[in-house]
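Since the structure comes first, as structure tokens, the remarks are kept for the end.
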Amino acid sequence: MGVEAASRLELGSEQDIVRARQAVRKLAQECGFSLVEQTKLVTAASELARNTLIHGGGGHMTMARVEEGVRYGIRLVFEDSGPGIPDLSLAMTDGWTSGSGLGLGLTGSKRLASEFDIVTGPGMGTRVTIVRWR
Amino acid sequence: MERIPILRIGEFLLVTIQVDMHDRLALTLQDDLTRAIEKTGAKGVLLDISALDMVDSFIGRMLSHISAIASILSASTVVVGMQPAVAITLVELGLELPGVLTALNAERGMALLRTHMDMGVTTDGRRGGE
């Protein structure tokens, strides 16, 4: 997978979630995503950015254009060095929530992305990577 | 502090969300609207989200909560103007806004509120007590 022009955004406050949404929207527009594709990617970014902030105690998002053969898309990586998720299969259950949310953050954003990957464990932080191909 | 304005039109309250809401702003709106219903005795709330280009689970939950709280306070809520791309994304996200009444635009939303008021019920079917 070819990667170009990665940029990084801090996720340390609620306002940063809004900034992340706007940055992803702008990149998706530049990449020629349709309105529905843009909206799906921005919504997934919003869910994951909030997870990073609330469950990970803050972190950062890295976004980049990616290419594979003839297709291209956007890759977003959300990283924190928080407590990590002890039981990943439980966290990936629709409707399960550790906090006061709806429990749709991880599962919902997985459905909104073309590819989804998560690396986590107790004490090792969390890194979620999503790709949406155009 | 940043706030979303709540306008009173007769027996209804009109809220037009025109900013990209951060989480606290959404919670502030929920509180403000609850107080406004109590203060004005409004029978209906029209929530215009046509300017929102994204509704995630947090904002979706706020819409459900506002609707539920208003209903307990004997007011109906109609969410109007959702962009088609937002509706498609919400369903894929798994958020179908149970208990939230919607209308395509403000005009239809207003008509819906009037119908409910005339019938003396709130949008989730509760009998509206005076």
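Going by the structure tokens order, chains are called A, B, ..., each with residues numbered from 1, while ligands are numbered from 1 in the order shown.
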Find the residues of chain A that sit at most 10 Å from chain B; for each, write down the nearest two atoms and how far apart they are in Å, to one decimal. Count only C-alpha atoms. Sort by chain, then by number going up, and give it as a tab-separated table.
```
residue	atom	partner	partner_atom	distance
A:Ser13	CA	B:His22	CA	9.7
A:Glu14	CA	B:His22	CA	6.0
A:Gln15	CA	B:His22	CA	6.1
A:Asp16	CA	B:His22	CA	8.8
A:Ile17	CA	B:His22	CA	7.3
A:Val18	CA	B:His22	CA	6.1
A:Arg19	CA	B:Asp20	CA	9.6
A:Arg21	CA	B:Met54	CA	9.0
A:Gln22	CA	B:Asp20	CA	8.9
A:Arg25	CA	B:Asp53	CA	9.7
A:Ser34	CA	B:Ala85	CA	9.6
A:Leu35	CA	B:Ala85	CA	6.6
A:Val36	CA	B:Ala85	CA	4.7
A:Glu37	CA	B:Ala85	CA	8.3
A:Gln38	CA	B:Ala85	CA	8.8
A:Thr39	CA	B:Met54	CA	6.2
A:Lys40	CA	B:Thr89	CA	5.5
A:Leu41	CA	B:Thr89	CA	9.2
A:Val42	CA	B:Met54	CA	7.3
A:Thr43	CA	B:Asp56	CA	5.6
A:Ala44	CA	B:Asp56	CA	8.0
A:Ala45	CA	B:Asp56	CA	9.5
A:Ser46	CA	B:Asp56	CA	6.8
A:Glu47	CA	B:Asp56	CA	6.7
A:Arg50	CA	B:Phe58	CA	9.2
A:Asp94	CA	B:Gly94	CA	8.4
A:Gly95	CA	B:Gly94	CA	9.3
A:Gly101	CA	B:Phe58	CA	7.4
A:Leu102	CA	B:Ser57	CA	6.9
A:Gly103	CA	B:Ser57	CA	8.7
A:Leu104	CA	B:Ser57	CA	6.9
A:Gly105	CA	B:Ser57	CA	7.4
A:Leu106	CA	B:Leu93	CA	9.7
A:Thr107	CA	B:Leu93	CA	7.9
A:Gly108	CA	B:Leu93	CA	4.4
A:Ser109	CA	B:Leu93	CA	6.7
A:Lys110	CA	B:Leu93	CA	8.6
A:Arg111	CA	B:Leu93	CA	6.6
A:Leu112	CA	B:Leu93	CA	6.6
```
Need the shell around Val119 (chain A): protein/DNA/RNA residues with any atom at most 10 Å away, counting only C-alpha atoms. Skip same-chain ones fewer than 2 positions apart. Format as a PyMOL selection string? chain A and resi 79+84-85+88+117+121+124-129
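One distance worth recording is that between CA of Arg35 (chain B) and CA of Ile66 (chain B), which is 11.4 Å.
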Leaving out Thr62 (chain A) and any residue of its chain fewer than 5 positions from it, which residues lie within 10 Å of it when counting only C-alpha atoms, given as a compact mmCIF listing (two decimals) with C-alpha atoms, in the first residue's frame?
```
# COMPACT_ATOMS: atom_id res chain seq x y z
CA ALA A 6 0.54 11.88 6.38
CA SER A 7 -0.53 14.63 8.73
CA ARG A 8 -1.04 14.46 12.46
CA LEU A 9 -3.61 16.03 14.75
CA GLU A 10 -3.60 16.09 18.54
CA ALA A 20 -10.50 16.12 13.38
CA ARG A 75 -6.27 5.92 6.02
CA LEU A 76 -6.88 7.21 9.54
CA VAL A 77 -4.95 6.03 12.58
CA PHE A 78 -6.09 6.83 16.13
CA GLU A 79 -3.53 6.24 18.83
CA THR A 129 -6.61 2.01 11.90
```
Sel. of strand (DSSP E) residues, region 100-131 of chain A, as a list in words: Glu115, Phe116, Asp117, Ile118, Val119, Thr120, Thr126, Arg127, Val128, Thr129, Ile130 and Val131 of chain A
Restricting it to C-alpha atoms, dump the selection as a PDB file, in the first residue's frame.
```
ATOM      1  CA  GLU A 115     -10.947  -1.836   6.467  1.00  0.00           C
ATOM      2  CA  PHE A 116     -10.621  -1.840  10.225  1.00  0.00           C
ATOM      3  CA  ASP A 117      -7.770  -2.900  12.484  1.00  0.00           C
ATOM      4  CA  ILE A 118      -7.285  -2.551  16.223  1.00  0.00           C
ATOM      5  CA  VAL A 119      -4.238  -3.229  18.369  1.00  0.00           C
ATOM      6  CA  THR A 120      -4.808  -3.004  22.096  1.00  0.00           C
ATOM      7  CA  THR A 126      -4.998   1.464  21.760  1.00  0.00           C
ATOM      8  CA  ARG A 127      -4.355   1.953  18.075  1.00  0.00           C
ATOM      9  CA  VAL A 128      -7.256   1.832  15.643  1.00  0.00           C
ATOM     10  CA  THR A 129      -6.614   2.009  11.900  1.00  0.00           C
ATOM     11  CA  ILE A 130      -9.372   2.456   9.342  1.00  0.00           C
ATOM     12  CA  VAL A 131      -9.167   2.753   5.566  1.00  0.00           C
TER      13      VAL A 131
END
```
Quick one, how far is CA of Met82 (chain B) from CA of Arg108 (chain B)?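 Result for CA of Met82 (chain B) versus CA of Arg108 (chain B): 12.8 Å, one decimal.
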Taking the DSSP assignment computed from this structure's backbone, write out as number ranges by chain all residues of region 32-123 of chain B that belong to alpha helix (DSSP H). B: 32-40, 57-72, 84-93, 106-119
Go ahead and write the residues just picked, N, CA and C atoms, as a CSV table (one decimal), in the first residue's frame.
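The resulting file, selection35.csv, is shown below:
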```
chain,number,residue,atom,x,y,z
B,32,ASP,N,-30.7,23.6,28.1
B,32,ASP,CA,-31.4,24.9,27.8
B,32,ASP,C,-32.8,24.6,27.3
B,33,LEU,N,-32.9,23.6,26.4
B,33,LEU,CA,-34.2,23.3,25.9
B,33,LEU,C,-35.2,22.8,26.9
B,34,THR,N,-34.7,22.0,27.8
B,34,THR,CA,-35.5,21.5,28.9
B,34,THR,C,-36.0,22.6,29.7
B,35,ARG,N,-35.2,23.6,30.0
B,35,ARG,CA,-35.6,24.7,30.8
B,35,ARG,C,-36.6,25.6,30.1
B,36,ALA,N,-36.3,25.7,28.7
B,36,ALA,CA,-37.2,26.6,27.9
B,36,ALA,C,-38.6,26.0,27.9
B,37,ILE,N,-38.7,24.6,27.8
B,37,ILE,CA,-40.0,24.0,27.7
B,37,ILE,C,-40.8,24.2,29.0
B,38,GLU,N,-40.0,24.1,30.1
B,38,GLU,CA,-40.6,24.3,31.5
B,38,GLU,C,-41.1,25.7,31.6
B,39,LYS,N,-40.3,26.7,31.2
B,39,LYS,CA,-40.6,28.1,31.4
B,39,LYS,C,-41.7,28.6,30.5
B,40,THR,N,-41.8,28.1,29.2
B,40,THR,CA,-42.7,28.6,28.3
B,40,THR,C,-44.0,27.8,28.2
B,57,SER,N,-22.9,9.1,17.1
B,57,SER,CA,-23.7,8.5,18.1
B,57,SER,C,-23.9,9.5,19.3
B,58,PHE,N,-23.0,10.4,19.5
B,58,PHE,CA,-23.2,11.4,20.6
B,58,PHE,C,-24.4,12.3,20.3
B,59,ILE,N,-24.3,12.9,19.1
B,59,ILE,CA,-25.4,13.8,18.7
B,59,ILE,C,-26.7,13.1,18.6
B,60,GLY,N,-26.7,11.9,18.0
B,60,GLY,CA,-27.9,11.0,17.9
B,60,GLY,C,-28.5,10.8,19.3
B,61,ARG,N,-27.6,10.5,20.2
B,61,ARG,CA,-28.1,10.3,21.6
B,61,ARG,C,-28.8,11.5,22.2
B,62,MET,N,-28.2,12.7,21.9
B,62,MET,CA,-28.8,13.9,22.3
B,62,MET,C,-30.2,14.1,21.7
B,63,LEU,N,-30.3,13.8,20.5
B,63,LEU,CA,-31.6,14.0,19.8
B,63,LEU,C,-32.7,13.1,20.5
B,64,SER,N,-32.3,11.8,20.8
B,64,SER,CA,-33.2,10.9,21.5
B,64,SER,C,-33.5,11.4,22.9
B,65,HIS,N,-32.5,11.9,23.6
B,65,HIS,CA,-32.7,12.4,25.0
B,65,HIS,C,-33.7,13.6,25.0
B,66,ILE,N,-33.4,14.5,24.1
B,66,ILE,CA,-34.3,15.7,24.0
B,66,ILE,C,-35.7,15.3,23.8
B,67,SER,N,-35.9,14.4,22.8
B,67,SER,CA,-37.2,13.9,22.5
B,67,SER,C,-37.9,13.3,23.7
B,68,ALA,N,-37.2,12.4,24.5
B,68,ALA,CA,-37.7,11.7,25.6
B,68,ALA,C,-38.0,12.7,26.7
B,69,ILE,N,-37.1,13.6,27.0
B,69,ILE,CA,-37.4,14.6,28.1
B,69,ILE,C,-38.6,15.5,27.7
B,70,ALA,N,-38.6,16.0,26.5
B,70,ALA,CA,-39.7,16.8,26.1
B,70,ALA,C,-41.1,16.1,26.3
B,71,SER,N,-41.1,14.8,25.9
B,71,SER,CA,-42.3,14.0,26.0
B,71,SER,C,-42.8,13.9,27.4
B,72,ILE,N,-41.8,13.7,28.4
B,72,ILE,CA,-42.2,13.7,29.8
B,72,ILE,C,-42.8,15.0,30.2
B,84,PRO,N,-29.8,13.5,3.4
B,84,PRO,CA,-29.8,12.1,3.0
B,84,PRO,C,-28.5,11.4,3.4
B,85,ALA,N,-27.4,12.0,3.1
B,85,ALA,CA,-26.1,11.3,3.4
B,85,ALA,C,-26.0,11.0,4.9
B,86,VAL,N,-26.5,11.9,5.7
B,86,VAL,CA,-26.5,11.7,7.2
B,86,VAL,C,-27.4,10.6,7.6
B,87,ALA,N,-28.6,10.5,6.9
B,87,ALA,CA,-29.5,9.4,7.2
B,87,ALA,C,-28.9,8.0,6.9
B,88,ILE,N,-28.3,8.0,5.7
B,88,ILE,CA,-27.6,6.7,5.2
B,88,ILE,C,-26.6,6.3,6.2
B,89,THR,N,-25.8,7.3,6.7
B,89,THR,CA,-24.7,7.0,7.6
B,89,THR,C,-25.2,6.5,8.9
B,90,LEU,N,-26.2,7.2,9.4
B,90,LEU,CA,-26.8,6.8,10.7
B,90,LEU,C,-27.3,5.4,10.8
B,91,VAL,N,-27.9,4.9,9.7
B,91,VAL,CA,-28.4,3.6,9.7
B,91,VAL,C,-27.3,2.6,9.7
B,92,GLU,N,-26.2,2.9,8.9
B,92,GLU,CA,-25.1,2.0,8.8
B,92,GLU,C,-24.3,2.0,10.2
B,93,LEU,N,-24.3,3.1,10.8
B,93,LEU,CA,-23.7,3.2,12.2
B,93,LEU,C,-24.4,2.4,13.2
B,106,ALA,N,-39.1,21.7,7.6
B,106,ALA,CA,-39.6,22.5,8.7
B,106,ALA,C,-41.2,22.6,8.5
B,107,GLU,N,-41.6,22.8,7.3
B,107,GLU,CA,-43.0,23.0,7.1
B,107,GLU,C,-43.8,21.8,7.5
B,108,ARG,N,-43.4,20.6,7.0
B,108,ARG,CA,-44.0,19.4,7.4
B,108,ARG,C,-43.9,19.1,8.8
B,109,GLY,N,-42.8,19.5,9.4
B,109,GLY,CA,-42.6,19.2,10.8
B,109,GLY,C,-43.6,20.0,11.7
B,110,MET,N,-43.8,21.3,11.2
B,110,MET,CA,-44.7,22.2,11.9
B,110,MET,C,-46.1,21.6,11.8
B,111,ALA,N,-46.5,21.1,10.6
B,111,ALA,CA,-47.8,20.5,10.4
B,111,ALA,C,-48.0,19.3,11.4
B,112,LEU,N,-47.0,18.5,11.5
B,112,LEU,CA,-47.0,17.4,12.3
B,112,LEU,C,-47.2,17.7,13.8
B,113,LEU,N,-46.5,18.8,14.2
B,113,LEU,CA,-46.6,19.2,15.6
B,113,LEU,C,-48.1,19.7,15.9
B,114,ARG,N,-48.6,20.5,14.9
B,114,ARG,CA,-50.0,21.0,15.0
B,114,ARG,C,-51.0,19.8,15.2
B,115,THR,N,-50.8,18.8,14.3
B,115,THR,CA,-51.7,17.6,14.4
B,115,THR,C,-51.7,17.0,15.8
B,116,HIS,N,-50.4,16.8,16.3
B,116,HIS,CA,-50.3,16.2,17.6
B,116,HIS,C,-50.9,17.0,18.7
B,117,MET,N,-50.8,18.4,18.5
B,117,MET,CA,-51.3,19.3,19.5
B,117,MET,C,-52.8,19.2,19.5
B,118,ASP,N,-53.4,19.2,18.3
B,118,ASP,CA,-54.9,19.1,18.2
B,118,ASP,C,-55.4,17.8,18.8
B,119,MET,N,-54.6,16.7,18.6
B,119,MET,CA,-55.1,15.4,19.1
B,119,MET,C,-54.8,15.3,20.6
```
As a check of understanding: the span from CA of Phe12 (chain B) to CA of Leu29 (chain B) is 16.1 Å
Might you pull out every residue within 6 Å of Gly44 (chain B), with only C-alpha atoms counted and same-chain residues fewer than 3 positions away left off, and present them as a list in words?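 Final neighbour list, sorted by chain and number: Phe12, Ala75, Ser76 and Thr77 of chain B.
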Any idea what's packed within 8 Å of Trp133 (chain A), counting only C-alpha atoms, ignoring anything in its chain fewer than 3 positions away? Could you give it as a compact mmCIF listing (two decimals) with N, CA and C atoms, in the first residue's frame?
```
# COMPACT_ATOMS: atom_id res chain seq x y z
N ARG A 71 -6.72 1.50 -7.03
CA ARG A 71 -7.65 2.19 -6.15
C ARG A 71 -6.90 3.08 -5.16
N TYR A 72 -7.60 4.07 -4.67
CA TYR A 72 -7.01 4.92 -3.66
C TYR A 72 -8.04 5.29 -2.61
N GLY A 73 -7.54 5.75 -1.49
CA GLY A 73 -8.45 6.06 -0.40
C GLY A 73 -7.77 6.85 0.69
N ILE A 74 -8.36 6.80 1.87
CA ILE A 74 -7.84 7.56 3.01
C ILE A 74 -7.66 6.60 4.19
N SER A 114 -13.94 0.70 5.11
CA SER A 114 -13.70 -0.46 4.23
C SER A 114 -12.81 -1.47 4.96
```
Option closest in space to Gln29 (chain A), from A:Pro83, A:Gly57, A:Arg134, A:Ala49 [counting only C-alpha atoms]: A:Arg134
